[in-house]
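Everything below concerns the one structure shown next.
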Amino acid sequence: MKKLEYLVLARRASQIKEELRQRVRKPYKEVLDVSWGDPHKAGVKPLSYVRQVLAACLYPQLLNSNRLPVDVRQRAQSLLKECAGGSVGSYTSTRGISEIVHRVSEFITRRDGGTPSYPENIFISPGSMWALGNILNVLVNSEASHRAGVLTPMPCHPTSLASITGRGAVIVPYNLSEEQGWALQAEELHRALESAKGVCNPVALYVVNPGNPAGYVQSRKTIQEVLQFVSEKRLFLLADEVYQDCVHGENNEFVSYKRVLAEMGPPLSDTVELASFHSASKGFMGECGLRGGYVELVNLDPAVMPYIYKLFSTDAGAPVLGQFALDLMMKPPQPGETSYPLYSVETQHIRTTMVHNVKRVLEVVNNLPGFCCQPLKGAFAFPRLHLPPKAIQKAKEMGMQPDVFYCIRLLEEAGVLVNPGCDYGQKEGSHHIRFYIMTSEDMMEEVLGRLSCFHTQFMKDFS
């Protein structure tokens, strides 16, 4: 926890916001926070259909009102019938509301081209990280003579790193190739596994697709190589796929690990143990605060499943509104329904905005001296920052990592909050910043404008 610099930055951002409220003079009127993968915080409007259904579920008197579309009221009514006592305030079963679990299963089957999904292998959770922690609890034996190891991509989000180390496991880093657009390379997995000898007992491989923070989207060929690797080395596969809706650009397509595993056929499709995670927090819905996600388990030993059920039973279950949000993501309005035209317009606007932002980020950032950004395929930009020696020396004098020094100056002088690359396990000697690109167009233009002005002055000051 002491190493998480973005928490220091976030705390300072909160102080600056309070100073602005007290009318302390700054060269900006507000702090622009693009440090989180939070679309609504970044100016993306919530989907009307989702909020209308949730409103009716929270205040059932709206079910008899003509102020909401008829299909909204029907959907809310059917969801409430699935709750104990017809109320969002009641507990749900361990896996989640049974009917919603079945609809998650149906969604996965559609997404994966007919590859069957079974409700008994699905657990709804308060977000994907919570589910990841539970599965890690099964894999990591804290009392073993050799500590368990998890092969983990670098760079990687600090909350994932904390989930792994917090359960007593050793992170076995494998480096993504920045020169190849942050691609995952099979030979690097073999190198990482070899490096674990005498250090720990590797039990799992953690993959993030699409990537966070780097945004790389894995090809079918890459996924096949990963599946061959975990099969050969007898590793459990943890597939974080929460950004699957945030894929853009030509020849980029999200394909799930489960689908590719099924297509590869026996013996792999019958033996590779896999946990796949998804969430209502990301993608077009962006309902981070409602805390709704799921994990699907594939090929687990039947003798282990009761213990996983017990683990999930130790919590009161996922919030009901989060389960509803997940359900609405799995089954949005369909053509012919009253709410479909507006839903279609709103989701298309988000998609168009994201494509626009990608183009603008690459145009602006790659034209700034000292910056180099790989092609963007997901929800984040993770450009490399080549800092002048004087800036690196100044950071050392202040007891800071160079990219932390840069991010603090950016926050103080321009009011833009981004994350330093050192929080993500970047390569020794390299520096990066990471920021979210699924924002409103206005916010992204303002962020890029402030970044450009700040960076130009920063490079002059330390040249």
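Ligands are numbered from 1 in the order shown, chains are lettered A, B, ... in the order of the structure tokens, and residues start at 1 in each chain.
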
Exercise. Quick one: residues within 12 Å of A:Leu9, only C-alpha atoms counted, chain neighbours fewer than 4 positions away excluded, as a ChimeraX atom specification?
Worked result: /A:4-5,13-16,31,33,35,403-412,415-420,423

Output file for the selection above: C-alpha atoms, as a compact mmCIF listing (two decimals), in the first residue's frame:
# COMPACT_ATOMS: atom_id res chain seq x y z
CA LEU A 4 0.67 3.18 -4.46
CA GLU A 5 1.53 6.70 -5.60
CA ALA A 13 -6.40 16.33 -5.98
CA SER A 14 -9.08 16.32 -3.26
CA GLN A 15 -7.20 19.06 -1.41
CA ILE A 16 -6.95 21.16 -4.57
CA VAL A 31 -9.56 19.45 -11.61
CA ASP A 33 -9.69 13.50 -13.24
CA SER A 35 -7.04 8.61 -13.57
CA ASP A 403 6.92 10.00 -13.49
CA VAL A 404 5.37 10.74 -10.08
CA PHE A 405 7.20 14.08 -10.11
CA TYR A 406 5.78 14.78 -13.57
CA CYS A 407 2.23 13.82 -12.54
CA ILE A 408 2.33 15.98 -9.41
CA ARG A 409 3.50 18.98 -11.42
CA LEU A 410 0.77 18.31 -14.01
CA LEU A 411 -1.84 18.22 -11.23
CA GLU A 412 -0.59 21.32 -9.41
CA GLY A 415 -5.28 20.63 -12.76
CA VAL A 416 -5.11 17.29 -14.62
CA LEU A 417 -5.00 14.05 -12.62
CA VAL A 418 -3.37 11.07 -14.37
CA ASN A 419 -1.55 8.03 -13.00
CA PRO A 420 2.24 7.51 -12.95
CA ASP A 423 2.39 2.12 -10.04

Exercise. Leaving out A:Ser463 and any residue of its chain fewer than 3 positions from it, which residues lie within 10 Å of it when counting only C-alpha atoms, given as a ChimeraX atom specification?
Worked result: /A:387-391,457-460

For C-alpha atoms, I'd like the residues from the last selection saved as a JSON list (two decimals), in the first residue's frame.
[["chain", "number", "residue", "atom", "x", "y", "z"],
["A", 387, "LEU", "CA", 12.14, 12.96, -19.38],
["A", 388, "PRO", "CA", 15.13, 15.33, -19.50],
["A", 389, "PRO", "CA", 18.03, 14.40, -17.16],
["A", 390, "LYS", "CA", 17.46, 17.56, -15.12],
["A", 391, "ALA", "CA", 13.85, 16.50, -14.40],
["A", 457, "GLN", "CA", 6.65, 24.49, -20.42],
["A", 458, "PHE", "CA", 7.91, 21.52, -18.38],
["A", 459, "MET", "CA", 10.35, 20.48, -21.11],
["A", 460, "LYS", "CA", 11.61, 24.10, -21.41]]

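Atom CA of A:Ala42 lies 20.6 Å from atom CA of A:Pro27.
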
For stretch 163-207 of chain A against stretch 234-258 of chain A, with a cut-off of 6 Å and counting only C-alpha atoms, what is the closest atom pair and its distance in Å to one decimal for every residue that makes the cut, ordered by chain and number, as a Markdown table?
| residue | atom | partner | partner_atom | distance |
| --- | --- | --- | --- | --- |
| A:Val203 | CA | A:Leu235 | CA | 5.3 |
| A:Ala204 | CA | A:Phe236 | CA | 4.4 |
| A:Leu205 | CA | A:Leu237 | CA | 5.1 |
| A:Tyr206 | CA | A:Leu238 | CA | 4.7 |
| A:Val207 | CA | A:Ala239 | CA | 5.1 |

Writing out the chosen residues with C-alpha atoms as a tab-separated table (two decimals), in the first residue's frame:
chain	number	residue	atom	x	y	z
A	203	VAL	CA	-0.10	-22.00	-9.68
A	204	ALA	CA	-1.82	-19.54	-12.03
A	205	LEU	CA	-1.47	-17.21	-14.99
A	206	TYR	CA	-3.29	-13.87	-14.89
A	207	VAL	CA	-4.15	-12.23	-18.22

For this session: Step one, run DSSP on the backbone; step two, keep only residues of stretch 55-245 of chain A assigned to helix (DSSP H, G or I); then write them as a ChimeraX atom specification.
Result: /A:55-58,60-64,70-81,84-86,98-111,119-121,128-139,158-165,178-180,186-195,220-233

Convert the current residue selection to file output with C-alpha atoms, as a compact mmCIF listing (two decimals), in the first residue's frame.
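Okay, again30.txt is ready:
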# COMPACT_ATOMS: atom_id res chain seq x y z
CA ALA A 55 -35.60 4.27 -10.85
CA ALA A 56 -38.78 2.23 -11.21
CA CYS A 57 -37.23 -0.62 -9.19
CA LEU A 58 -36.30 1.76 -6.38
CA PRO A 60 -42.28 1.04 -7.59
CA GLN A 61 -45.01 3.72 -7.67
CA LEU A 62 -43.49 4.67 -11.05
CA LEU A 63 -44.74 1.35 -12.42
CA ASN A 64 -48.21 2.88 -12.59
CA VAL A 70 -43.98 0.89 -21.22
CA ASP A 71 -41.05 -1.50 -21.85
CA VAL A 72 -39.13 0.14 -19.00
CA ARG A 73 -42.01 -0.47 -16.60
CA GLN A 74 -42.40 -4.05 -17.78
CA ARG A 75 -38.68 -4.75 -17.29
CA ALA A 76 -38.68 -3.21 -13.81
CA GLN A 77 -41.76 -5.20 -12.84
CA SER A 78 -40.20 -8.48 -13.97
CA LEU A 79 -36.96 -7.73 -12.08
CA LEU A 80 -38.81 -6.91 -8.87
CA LYS A 81 -40.74 -10.18 -9.11
CA ALA A 84 -37.52 -11.74 -2.29
CA GLY A 85 -40.48 -9.70 -1.11
CA GLY A 86 -40.50 -7.84 -4.43
CA SER A 98 -31.32 -17.08 -10.02
CA GLU A 99 -33.05 -15.66 -13.09
CA ILE A 100 -30.24 -13.13 -13.62
CA VAL A 101 -27.59 -15.84 -13.31
CA HIS A 102 -29.42 -17.75 -16.07
CA ARG A 103 -29.49 -14.65 -18.27
CA VAL A 104 -25.75 -14.15 -17.72
CA SER A 105 -25.30 -17.72 -18.90
CA GLU A 106 -27.41 -17.02 -22.00
CA PHE A 107 -25.36 -13.85 -22.72
CA ILE A 108 -22.08 -15.77 -22.54
CA THR A 109 -23.45 -18.46 -24.88
CA ARG A 110 -24.49 -15.79 -27.44
CA ARG A 111 -21.19 -13.93 -27.12
CA PRO A 119 -25.56 -21.27 -14.57
CA GLU A 120 -24.08 -23.52 -11.88
CA ASN A 121 -20.60 -22.30 -12.92
CA SER A 128 -14.79 -8.30 -10.76
CA MET A 129 -11.93 -7.62 -8.31
CA TRP A 130 -13.98 -9.08 -5.46
CA ALA A 131 -14.52 -12.27 -7.46
CA LEU A 132 -10.83 -12.42 -8.41
CA GLY A 133 -9.93 -12.25 -4.73
CA ASN A 134 -12.19 -15.18 -3.92
CA ILE A 135 -10.70 -17.37 -6.65
CA LEU A 136 -7.20 -16.44 -5.47
CA ASN A 137 -8.21 -17.58 -1.98
CA VAL A 138 -8.85 -21.03 -3.46
CA LEU A 139 -5.56 -21.15 -5.38
CA PRO A 158 -2.19 -1.87 -8.91
CA THR A 159 -5.49 -3.19 -7.53
CA SER A 160 -4.83 -6.50 -9.27
CA LEU A 161 -1.28 -6.57 -7.90
CA ALA A 162 -2.63 -5.84 -4.41
CA SER A 163 -5.22 -8.63 -4.73
CA ILE A 164 -2.47 -11.14 -5.53
CA THR A 165 0.10 -10.10 -2.95
CA GLU A 178 5.76 -2.04 -25.69
CA GLU A 179 7.58 -2.00 -29.04
CA GLN A 180 4.88 -4.31 -30.43
CA ALA A 186 4.53 -16.71 -25.47
CA GLU A 187 8.33 -16.83 -25.11
CA GLU A 188 8.11 -14.23 -22.35
CA LEU A 189 5.74 -16.52 -20.43
CA HIS A 190 8.35 -19.29 -20.59
CA ARG A 191 11.07 -16.89 -19.39
CA ALA A 192 8.91 -15.74 -16.47
CA LEU A 193 8.09 -19.30 -15.44
CA GLU A 194 11.78 -20.20 -15.50
CA SER A 195 12.55 -17.18 -13.30
CA ARG A 220 -6.84 -15.48 -31.52
CA LYS A 221 -3.31 -16.72 -32.19
CA THR A 222 -2.02 -15.16 -28.96
CA ILE A 223 -4.91 -16.64 -26.96
CA GLN A 224 -4.25 -20.08 -28.46
CA GLU A 225 -0.57 -19.84 -27.47
CA VAL A 226 -1.52 -18.84 -23.92
CA LEU A 227 -3.95 -21.77 -23.63
CA GLN A 228 -1.30 -24.18 -24.90
CA PHE A 229 1.12 -22.79 -22.33
CA VAL A 230 -1.19 -23.13 -19.31
CA SER A 231 -2.17 -26.63 -20.42
CA GLU A 232 1.46 -27.72 -20.78
CA LYS A 233 2.51 -26.14 -17.47

For this session: Run DSSP on the backbone of this structure and report the residues of stretch 14-234 of chain A it assigns to strand (DSSP E), as a list in words.
Result: Leu32, Asp33, Ile122, Phe123, Ile124, Ser125, Ala148, Gly149, Val150, Leu151, Thr152, Pro153, Met154, Val170, Ile171, Val172, Pro173, Tyr174, Asn175, Asn201, Pro202, Val203, Ala204, Leu205, Tyr206, Val207 and Val208 of chain A

Can you pull out every residue within 10 Å of A:Ser269, counting only C-alpha atoms, but drop anything in the same chain fewer than 6 positions away, and send it as a PDB file with N, CA and C atoms, in the first residue's frame?
ATOM      1  N   LEU A 227      -3.234 -20.564 -24.064  1.00  0.00           N
ATOM      2  CA  LEU A 227      -3.948 -21.766 -23.630  1.00  0.00           C
ATOM      3  C   LEU A 227      -3.059 -23.006 -23.731  1.00  0.00           C
ATOM      4  N   SER A 231      -1.894 -25.193 -20.390  1.00  0.00           N
ATOM      5  CA  SER A 231      -2.169 -26.632 -20.423  1.00  0.00           C
ATOM      6  C   SER A 231      -0.887 -27.419 -20.185  1.00  0.00           C
ATOM      7  N   LYS A 258     -12.638 -18.287 -23.226  1.00  0.00           N
ATOM      8  CA  LYS A 258     -13.478 -19.486 -23.181  1.00  0.00           C
ATOM      9  C   LYS A 258     -13.862 -19.943 -24.597  1.00  0.00           C
ATOM     10  N   ARG A 259     -14.166 -18.978 -25.459  1.00  0.00           N
ATOM     11  CA  ARG A 259     -14.562 -19.334 -26.828  1.00  0.00           C
ATOM     12  C   ARG A 259     -13.406 -19.999 -27.571  1.00  0.00           C
ATOM     13  N   VAL A 260     -12.207 -19.408 -27.471  1.00  0.00           N
ATOM     14  CA  VAL A 260     -11.056 -19.982 -28.165  1.00  0.00           C
ATOM     15  C   VAL A 260     -10.729 -21.363 -27.596  1.00  0.00           C
ATOM     16  N   LEU A 261     -10.854 -21.507 -26.281  1.00  0.00           N
ATOM     17  CA  LEU A 261     -10.613 -22.815 -25.662  1.00  0.00           C
ATOM     18  C   LEU A 261     -11.560 -23.862 -26.227  1.00  0.00           C
ATOM     19  N   ALA A 262     -12.839 -23.512 -26.361  1.00  0.00           N
ATOM     20  CA  ALA A 262     -13.817 -24.457 -26.910  1.00  0.00           C
ATOM     21  C   ALA A 262     -13.497 -24.799 -28.361  1.00  0.00           C
ATOM     22  N   GLU A 263     -13.069 -23.791 -29.130  1.00  0.00           N
ATOM     23  CA  GLU A 263     -12.749 -24.013 -30.546  1.00  0.00           C
ATOM     24  C   GLU A 263     -11.525 -24.909 -30.721  1.00  0.00           C
ATOM     25  N   VAL A 298     -14.672 -22.628 -15.508  1.00  0.00           N
ATOM     26  CA  VAL A 298     -14.664 -23.655 -16.560  1.00  0.00           C
ATOM     27  C   VAL A 298     -13.697 -24.767 -16.185  1.00  0.00           C
ATOM     28  N   ASN A 299     -14.183 -26.017 -16.269  1.00  0.00           N
ATOM     29  CA  ASN A 299     -13.359 -27.223 -16.080  1.00  0.00           C
ATOM     30  C   ASN A 299     -12.813 -27.387 -14.664  1.00  0.00           C
TER      31      ASN A 299
END

Exercise. Can you list, as an MDAnalysis selection string, every protein, DNA or RNA residue that comes within 7 Å of A:Ala183 when you count only C-alpha atoms, leaving out same-chain residues fewer than 6 positions away?
Worked result: chainID A and resid 176:177 216

Selection file, N, CA and C atoms, as a PDB file, in the first residue's frame:
ATOM      1  N   LEU A 176       4.952  -7.280 -21.045  1.00  0.00           N
ATOM      2  CA  LEU A 176       4.314  -7.056 -22.337  1.00  0.00           C
ATOM      3  C   LEU A 176       5.263  -6.233 -23.206  1.00  0.00           C
ATOM      4  N   SER A 177       5.226  -6.451 -24.498  1.00  0.00           N
ATOM      5  CA  SER A 177       6.180  -5.805 -25.399  1.00  0.00           C
ATOM      6  C   SER A 177       5.644  -4.454 -25.866  1.00  0.00           C
ATOM      7  N   TYR A 216      -3.966  -3.189 -24.948  1.00  0.00           N
ATOM      8  CA  TYR A 216      -3.754  -4.125 -26.056  1.00  0.00           C
ATOM      9  C   TYR A 216      -4.883  -5.155 -26.125  1.00  0.00           C
TER      10      TYR A 216
END

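Ranking A:Phe454, A:Tyr294, A:Phe371, A:Phe382 by their shortest atom-to-atom distance to A:Ala325, with only C-alpha atoms included, puts A:Tyr294 first.
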
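We find atom CA of A:Leu54 and atom CA of A:Met443 to be spaced 27.2 Å apart.
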
For this session: Compile the contact shell of A:Ala148 as a PyMOL selection string: residues with an atom at most 10 Å away, counting only C-alpha atoms, same-chain residues fewer than 2 positions apart removed.
Result: chain A and resi 139-146+150+164+167-172+199-204

For the selection you just gave me, I'd like the residues written to a file as a PDB file, in the first residue's frame, keeping N, CA and C atoms.
ATOM      1  N   LEU A 139      -6.809 -20.710  -4.745  1.00  0.00           N
ATOM      2  CA  LEU A 139      -5.563 -21.145  -5.377  1.00  0.00           C
ATOM      3  C   LEU A 139      -4.347 -21.028  -4.468  1.00  0.00           C
ATOM      4  N   VAL A 140      -4.363 -20.056  -3.560  1.00  0.00           N
ATOM      5  CA  VAL A 140      -3.171 -19.738  -2.767  1.00  0.00           C
ATOM      6  C   VAL A 140      -3.262 -20.384  -1.391  1.00  0.00           C
ATOM      7  N   ASN A 141      -2.322 -21.273  -1.101  1.00  0.00           N
ATOM      8  CA  ASN A 141      -2.236 -21.916   0.211  1.00  0.00           C
ATOM      9  C   ASN A 141      -1.175 -21.182   1.030  1.00  0.00           C
ATOM     10  N   SER A 142      -1.613 -20.345   1.955  1.00  0.00           N
ATOM     11  CA  SER A 142      -0.680 -19.524   2.733  1.00  0.00           C
ATOM     12  C   SER A 142       0.153 -20.350   3.705  1.00  0.00           C
ATOM     13  N   GLU A 143      -0.243 -21.609   3.946  1.00  0.00           N
ATOM     14  CA  GLU A 143       0.477 -22.454   4.897  1.00  0.00           C
ATOM     15  C   GLU A 143       1.458 -23.415   4.212  1.00  0.00           C
ATOM     16  N   ALA A 144       1.522 -23.354   2.887  1.00  0.00           N
ATOM     17  CA  ALA A 144       2.417 -24.260   2.156  1.00  0.00           C
ATOM     18  C   ALA A 144       3.873 -23.877   2.408  1.00  0.00           C
ATOM     19  N   SER A 145       4.767 -24.861   2.293  1.00  0.00           N
ATOM     20  CA  SER A 145       6.192 -24.600   2.530  1.00  0.00           C
ATOM     21  C   SER A 145       6.765 -23.667   1.465  1.00  0.00           C
ATOM     22  N   HIS A 146       6.259 -23.760   0.227  1.00  0.00           N
ATOM     23  CA  HIS A 146       6.659 -22.847  -0.845  1.00  0.00           C
ATOM     24  C   HIS A 146       5.476 -21.942  -1.185  1.00  0.00           C
ATOM     25  N   VAL A 150       1.882 -16.305  -8.985  1.00  0.00           N
ATOM     26  CA  VAL A 150       0.934 -16.006 -10.060  1.00  0.00           C
ATOM     27  C   VAL A 150       1.674 -15.223 -11.134  1.00  0.00           C
ATOM     28  N   ILE A 164      -3.335  -9.959  -5.495  1.00  0.00           N
ATOM     29  CA  ILE A 164      -2.473 -11.141  -5.533  1.00  0.00           C
ATOM     30  C   ILE A 164      -1.558 -11.192  -4.312  1.00  0.00           C
ATOM     31  N   ARG A 167      -3.007 -11.801  -0.697  1.00  0.00           N
ATOM     32  CA  ARG A 167      -3.384 -13.162  -0.303  1.00  0.00           C
ATOM     33  C   ARG A 167      -2.172 -14.050  -0.117  1.00  0.00           C
ATOM     34  N   GLY A 168      -1.013 -13.432  -0.066  1.00  0.00           N
ATOM     35  CA  GLY A 168       0.203 -14.176   0.252  1.00  0.00           C
ATOM     36  C   GLY A 168       0.909 -14.792  -0.935  1.00  0.00           C
ATOM     37  N   ALA A 169       0.444 -14.483  -2.164  1.00  0.00           N
ATOM     38  CA  ALA A 169       1.090 -15.050  -3.354  1.00  0.00           C
ATOM     39  C   ALA A 169       2.250 -14.167  -3.802  1.00  0.00           C
ATOM     40  N   VAL A 170       3.140 -14.763  -4.580  1.00  0.00           N
ATOM     41  CA  VAL A 170       4.271 -14.049  -5.163  1.00  0.00           C
ATOM     42  C   VAL A 170       3.915 -13.663  -6.592  1.00  0.00           C
ATOM     43  N   ILE A 171       4.140 -12.415  -6.953  1.00  0.00           N
ATOM     44  CA  ILE A 171       3.938 -11.985  -8.338  1.00  0.00           C
ATOM     45  C   ILE A 171       5.144 -12.404  -9.164  1.00  0.00           C
ATOM     46  N   VAL A 172       4.887 -13.188 -10.211  1.00  0.00           N
ATOM     47  CA  VAL A 172       5.936 -13.579 -11.156  1.00  0.00           C
ATOM     48  C   VAL A 172       5.695 -12.755 -12.426  1.00  0.00           C
ATOM     49  N   VAL A 199      12.013 -19.762  -6.218  1.00  0.00           N
ATOM     50  CA  VAL A 199      11.411 -18.583  -5.579  1.00  0.00           C
ATOM     51  C   VAL A 199      10.017 -18.890  -5.049  1.00  0.00           C
ATOM     52  N   CYS A 200       9.222 -19.570  -5.876  1.00  0.00           N
ATOM     53  CA  CYS A 200       7.842 -19.866  -5.503  1.00  0.00           C
ATOM     54  C   CYS A 200       7.332 -21.033  -6.336  1.00  0.00           C
ATOM     55  N   ASN A 201       6.117 -21.444  -6.055  1.00  0.00           N
ATOM     56  CA  ASN A 201       5.460 -22.506  -6.806  1.00  0.00           C
ATOM     57  C   ASN A 201       4.353 -21.896  -7.656  1.00  0.00           C
ATOM     58  N   PRO A 202       4.598 -21.645  -8.952  1.00  0.00           N
ATOM     59  CA  PRO A 202       3.572 -21.007  -9.784  1.00  0.00           C
ATOM     60  C   PRO A 202       2.319 -21.874  -9.901  1.00  0.00           C
ATOM     61  N   VAL A 203       1.160 -21.263  -9.623  1.00  0.00           N
ATOM     62  CA  VAL A 203      -0.101 -22.002  -9.684  1.00  0.00           C
ATOM     63  C   VAL A 203      -1.072 -21.427 -10.711  1.00  0.00           C
ATOM     64  N   ALA A 204      -0.840 -20.178 -11.154  1.00  0.00           N
ATOM     65  CA  ALA A 204      -1.823 -19.542 -12.034  1.00  0.00           C
ATOM     66  C   ALA A 204      -1.154 -18.534 -12.954  1.00  0.00           C
TER      67      ALA A 204
END

For this session: Just the residues within 8 Å of A:Tyr436, please, counting only C-alpha atoms, with nothing from its chain fewer than 5 positions along; format it as an MDAnalysis selection string.
Result: chainID A and resid 34:37 379:381

Residues as selected, C-alpha atoms, written as a compact mmCIF listing (two decimals), in the first residue's frame, can you do that?
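Output below, filename again.txt:
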# COMPACT_ATOMS: atom_id res chain seq x y z
CA VAL A 34 -8.91 10.91 -15.93
CA SER A 35 -7.04 8.61 -13.57
CA TRP A 36 -9.91 6.14 -13.07
CA GLY A 37 -11.66 3.84 -15.55
CA ALA A 379 -9.98 2.25 -22.98
CA PHE A 380 -6.63 3.71 -21.85
CA ALA A 381 -3.60 5.56 -23.13

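Between A:Leu32 and the candidates A:Asp442, A:Leu311, A:Met329, A:Phe462, the tightest atom-to-atom separation, counting only C-alpha atoms, involves A:Asp442.
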